[in-house]
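Colleague: Structure in structure tokens, see below.
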Amino acid sequence: MSRADVCVVACAEAFRGDGEIVAAGIGGPITMLAARLARMTFEPDLITTDGVCLLTGDAPGVVEGWLPVRDHLWLVLNGRRHVFLGAAQIDRLGNTNISCIGAWERPKAQLLGVRGAPGNTVCCPTSYWIPKHSPRVFVEKVDMVSGVGGPMIRRVVTDLAVLDLRTPDGSMRLVSVHPGVSVAEVTEATGFDLVVPPDVPTTRLPTDEERRVLETIDPDNLREAL
């Protein structure tokens with residue numbers, strides 16, 4: 001059992017109850033595997049993609065169909081897609097930055113730009129995968145708002161914990177810590193005050209079936225790169 005396995009399952013859990021919508025894992029192998037794992041176990045109606053335009057099947061390399069851009073955009077605008085994104089910065093209200101580090105007028109570093117983050121975070125369920133939980137990512141205030149926090153943000157999964165925004169004021173809450181991680185480690189790696197419940201559970205381990213599926217869909221252990 002590895003930390004990567006736990007992270008894949010934690011991301012897969014974000015899709016639980018979604019039904020027949022597009023599950024898009026854009027944040028690398030962890031999120032793409034999570035979407036497929038959810039579909040092949042507890043959420044069989046999910047539609048999985050390659051992150052671009054192909055509808056993927058359960059077996060590696062199997063293509064079930066084609067998703068034209070116009071149909072893809074219709075699904076986003078109508079809330080029929082749940083996407084996992086990454087973020088260079090995220091604040092306590094779930095606002096994210098993938099555009100620049102430093103003042104917008106004269107940034108220290110230029111990143112991806114805003115891209116589709118505004119539409120995703122306003123129109124359809126959005127989750128985040130953060131492979132390195134640190135104060136540089138979890139900041140008090142993002143340098144630029146690329147993605148908007150709020151009710152469409154479903155879950156934030158990191159290499160240390162699972163978080164969400166289900167609090168009265170929509171601020172970030174600690175949902176669970178991964179096996180071997182303490183609450184103190186998570187709070188110390190966060191650049192703002194998290195909402196921490198009195199009892200924080202441990203993120204669940206993969207079931208035997210989920211481990212078997214992971215070995216089938218990721219025989220090269222790409223997930224271990226996190």
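Each chain in the structure tokens gets a letter, A, B, ..., in the order shown, and its residues are numbered from 1; ligands are numbered from 1 in order too.
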Would you please give, as a PyMOL selection string, all residues of chain A that DSSP assigns to alpha helix (DSSP H) based on the backbone?

Modeller: chain A and resi 3-13+29-40+69-77+117-123+183-188+208-217

Colleague: Determine which residues of segment 143-184 of chain A receive a DSSP assignment of strand (DSSP E or B), computed from the backbone, and state them as a PyMOL selection string.

Modeller: chain A and resi 147+153-158+161-164+173-177

Colleague: Could you save the residues just selected, with all heavy atoms, as a short mmCIF file (atom, residue, chain, number, x, y, z; two decimals), in the first residue's frame?

Modeller:
```
data_model
loop_
_atom_site.label_atom_id
_atom_site.label_comp_id
_atom_site.auth_asym_id
_atom_site.auth_seq_id
_atom_site.Cartn_x
_atom_site.Cartn_y
_atom_site.Cartn_z
N GLY A 147 -9.25 30.69 -10.90
CA GLY A 147 -10.45 29.90 -10.64
C GLY A 147 -11.14 30.42 -9.39
O GLY A 147 -10.48 30.81 -8.42
N ILE A 153 -16.81 24.01 -5.86
CA ILE A 153 -15.58 23.33 -5.49
C ILE A 153 -15.93 22.14 -4.60
O ILE A 153 -16.43 22.30 -3.48
CB ILE A 153 -14.60 24.27 -4.76
CG1 ILE A 153 -14.39 25.53 -5.59
CG2 ILE A 153 -13.29 23.57 -4.48
CD1 ILE A 153 -13.92 25.28 -7.00
N ARG A 154 -15.70 20.96 -5.10
CA ARG A 154 -16.13 19.74 -4.44
C ARG A 154 -15.12 19.25 -3.40
O ARG A 154 -15.46 18.93 -2.27
CB ARG A 154 -16.33 18.64 -5.51
CG ARG A 154 -16.80 17.29 -4.98
CD ARG A 154 -18.27 17.29 -4.63
NE ARG A 154 -19.10 17.65 -5.76
CZ ARG A 154 -19.46 16.81 -6.76
NH1 ARG A 154 -19.00 15.57 -6.77
NH2 ARG A 154 -20.25 17.23 -7.72
N ARG A 155 -13.84 19.18 -3.80
CA ARG A 155 -12.86 18.55 -2.93
C ARG A 155 -11.45 19.00 -3.32
O ARG A 155 -11.18 19.31 -4.48
CB ARG A 155 -12.96 17.02 -3.06
CG ARG A 155 -11.94 16.22 -2.30
CD ARG A 155 -12.28 14.75 -2.31
NE ARG A 155 -13.43 14.47 -1.45
CZ ARG A 155 -13.67 13.28 -0.90
NH1 ARG A 155 -12.87 12.27 -1.12
NH2 ARG A 155 -14.73 13.09 -0.14
N VAL A 156 -10.58 19.08 -2.33
CA VAL A 156 -9.16 19.36 -2.56
C VAL A 156 -8.38 18.20 -1.95
O VAL A 156 -8.49 17.94 -0.75
CB VAL A 156 -8.72 20.69 -1.92
CG1 VAL A 156 -7.23 20.93 -2.16
CG2 VAL A 156 -9.56 21.85 -2.44
N VAL A 157 -7.64 17.50 -2.79
CA VAL A 157 -6.84 16.36 -2.33
C VAL A 157 -5.37 16.72 -2.50
O VAL A 157 -4.96 17.23 -3.55
CB VAL A 157 -7.17 15.08 -3.13
CG1 VAL A 157 -6.32 13.91 -2.64
CG2 VAL A 157 -8.65 14.75 -3.03
N THR A 158 -4.58 16.46 -1.46
CA THR A 158 -3.15 16.71 -1.53
C THR A 158 -2.40 15.44 -1.15
O THR A 158 -3.01 14.41 -0.84
CB THR A 158 -2.73 17.85 -0.58
OG1 THR A 158 -2.64 17.35 0.77
CG2 THR A 158 -3.73 19.00 -0.62
N ALA A 161 -3.53 15.21 2.72
CA ALA A 161 -4.87 15.26 3.31
C ALA A 161 -5.95 15.45 2.26
O ALA A 161 -5.67 15.67 1.07
CB ALA A 161 -4.93 16.40 4.32
N VAL A 162 -7.19 15.41 2.75
CA VAL A 162 -8.37 15.75 1.96
C VAL A 162 -9.03 16.95 2.63
O VAL A 162 -9.18 16.98 3.86
CB VAL A 162 -9.36 14.58 1.88
CG1 VAL A 162 -10.62 14.98 1.11
CG2 VAL A 162 -8.71 13.36 1.24
N LEU A 163 -9.44 17.93 1.81
CA LEU A 163 -10.06 19.13 2.34
C LEU A 163 -11.29 19.47 1.51
O LEU A 163 -11.46 18.99 0.39
CB LEU A 163 -9.08 20.31 2.30
CG LEU A 163 -7.69 20.04 2.91
CD1 LEU A 163 -6.66 19.87 1.78
CD2 LEU A 163 -7.24 21.12 3.85
N ASP A 164 -12.18 20.30 2.07
CA ASP A 164 -13.30 20.82 1.31
C ASP A 164 -13.67 22.21 1.82
O ASP A 164 -12.98 22.77 2.68
CB ASP A 164 -14.50 19.86 1.33
CG ASP A 164 -15.13 19.69 2.72
OD1 ASP A 164 -14.90 20.54 3.61
OD2 ASP A 164 -15.87 18.71 2.92
N ARG A 173 -11.80 23.41 5.04
CA ARG A 173 -11.90 22.53 6.21
C ARG A 173 -11.07 21.27 5.98
O ARG A 173 -11.01 20.75 4.86
CB ARG A 173 -13.37 22.16 6.41
CG ARG A 173 -13.63 21.14 7.49
CD ARG A 173 -15.11 20.78 7.54
NE ARG A 173 -15.52 19.95 6.40
CZ ARG A 173 -16.48 19.03 6.45
NH1 ARG A 173 -17.15 18.82 7.56
NH2 ARG A 173 -16.80 18.34 5.36
N LEU A 174 -10.46 20.79 7.03
CA LEU A 174 -9.73 19.53 6.96
C LEU A 174 -10.72 18.38 7.12
O LEU A 174 -11.41 18.27 8.13
CB LEU A 174 -8.68 19.49 8.07
CG LEU A 174 -7.78 18.25 8.13
CD1 LEU A 174 -7.03 18.05 6.82
CD2 LEU A 174 -6.81 18.36 9.30
N VAL A 175 -10.79 17.53 6.11
CA VAL A 175 -11.74 16.41 6.10
C VAL A 175 -11.08 15.14 6.64
O VAL A 175 -11.66 14.41 7.44
CB VAL A 175 -12.28 16.17 4.68
CG1 VAL A 175 -13.16 14.92 4.63
CG2 VAL A 175 -13.06 17.38 4.20
N SER A 176 -9.86 14.86 6.18
CA SER A 176 -9.15 13.67 6.65
C SER A 176 -7.66 13.85 6.41
O SER A 176 -7.25 14.66 5.55
CB SER A 176 -9.65 12.40 5.95
OG SER A 176 -9.30 12.40 4.57
N VAL A 177 -6.86 13.12 7.16
CA VAL A 177 -5.41 13.09 6.93
C VAL A 177 -5.05 11.71 6.42
O VAL A 177 -5.65 10.71 6.81
CB VAL A 177 -4.63 13.42 8.23
CG1 VAL A 177 -4.86 14.87 8.63
CG2 VAL A 177 -5.01 12.48 9.37
#
```

Colleague: Set the distance at 8 Å and use only C-alpha atoms: which residues neighbour Ala24 of chain A once local chain neighbours fewer than 3 positions away are removed? I'd like the list as a list in words.

Modeller: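 Residues near the query, excluding close chain neighbours: Thr31, Met32, Ala35, Thr48, Thr49, Asp50, Gly51, Arg81, His82, Val83 and Phe84 of chain A.
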
Colleague: Under the rule that only C-alpha atoms are counted, which of A:Ala38, A:Glu20, A:Gly28, A:Thr190 is the nearest residue to Glu224 of chain A?

Modeller: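 Between A:Ala38, A:Glu20, A:Gly28, A:Thr190, the residue approaching Glu224 of chain A most closely is A:Gly28.
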
Colleague: Can you list, as a PyMOL selection string, every protein, DNA or RNA residue that comes within 8 Å of Leu205 of chain A when you count only C-alpha atoms, leaving out same-chain residues fewer than 6 positions away?

Modeller: chain A and resi 5-6+9

Colleague: Please provide the set of residues having any atom within 12 Å of Ala103 of chain A, restricted to only C-alpha atoms, with same-chain residues fewer than 6 positions apart removed, written as a ChimeraX atom specification.

Modeller: /A:109-110,141-145

Colleague: Only C-alpha atoms, please: the residues just picked out, written as a compact mmCIF listing (two decimals), in the first residue's frame.

Modeller:
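File written: result_0.txt
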```txt
# COMPACT_ATOMS: atom_id res chain seq x y z
CA ALA A 109 6.87 34.32 -12.95
CA GLN A 110 4.37 33.77 -15.75
CA LYS A 141 -4.44 35.38 -0.72
CA VAL A 142 -3.72 34.24 -4.27
CA ASP A 143 -1.70 36.60 -6.45
CA MET A 144 -4.36 36.41 -9.17
CA VAL A 145 -7.76 34.73 -9.15
```

Colleague: Please measure the separation of atom CA of Gly102 of chain A and atom CA of Ala225 of chain A, giving the value in Å to one decimal.

Modeller: 28.5 Å

Colleague: Need the shell around Gly94 of chain A: protein/DNA/RNA residues with any atom at most 7 Å away, counting only C-alpha atoms. Skip same-chain ones fewer than 3 positions apart. Format as a PyMOL selection string?

Modeller: chain A and resi 90-91+148-150

Colleague: Interatomic distance between atom CA of Asp208 of chain A and atom CA of Leu222 of chain A?

Modeller: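 Answer for the atom CA of Asp208 of chain A to atom CA of Leu222 of chain A separation: 19.4 Å.
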
Colleague: For Arg92 of chain A, please output as a list in words all residues within 9 Å (counting only C-alpha atoms; exclusion window: fewer than 5 positions along the same chain).

Modeller: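 Near neighbours after the sequence-gap exclusion: Phe138, Val139, Glu140, Lys141, Gly149, Leu165, Gly170, Ser171, Met172, Arg173, Gly191, Phe192, Asp193 and Leu194 of chain A.
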
Colleague: Taking only C-alpha atoms into account, name the residue in A:Phe15, A:Phe42, A:Arg136, A:Ala23 that is nearest to Thr207 of chain A.

Modeller: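 Nearest candidate to Thr207 of chain A out of A:Phe15, A:Phe42, A:Arg136, A:Ala23: A:Phe42.
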
Colleague: Identify which of the residues A:Ile130, A:Val195, A:Cys124, A:Ala10 lies closest to Thr167 of chain A, counting only C-alpha atoms when measuring atom-to-atom distances.

Modeller: A:Val195

Colleague: Given only C-alpha atoms as the basis, pick out the residue of A:Asp58, A:Asp18, A:Glu13, A:Asp199 nearest to Ala34 of chain A.

Modeller: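 Using only C-alpha atoms, the shortest distance to Ala34 of chain A belongs to A:Glu13.
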
Colleague: Rounded to one decimal, what separation in Å do you get between atom CA of Asn97 of chain A and atom CA of Ser127 of chain A?

Modeller: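 Distance between the two atoms: 13.9 Å.
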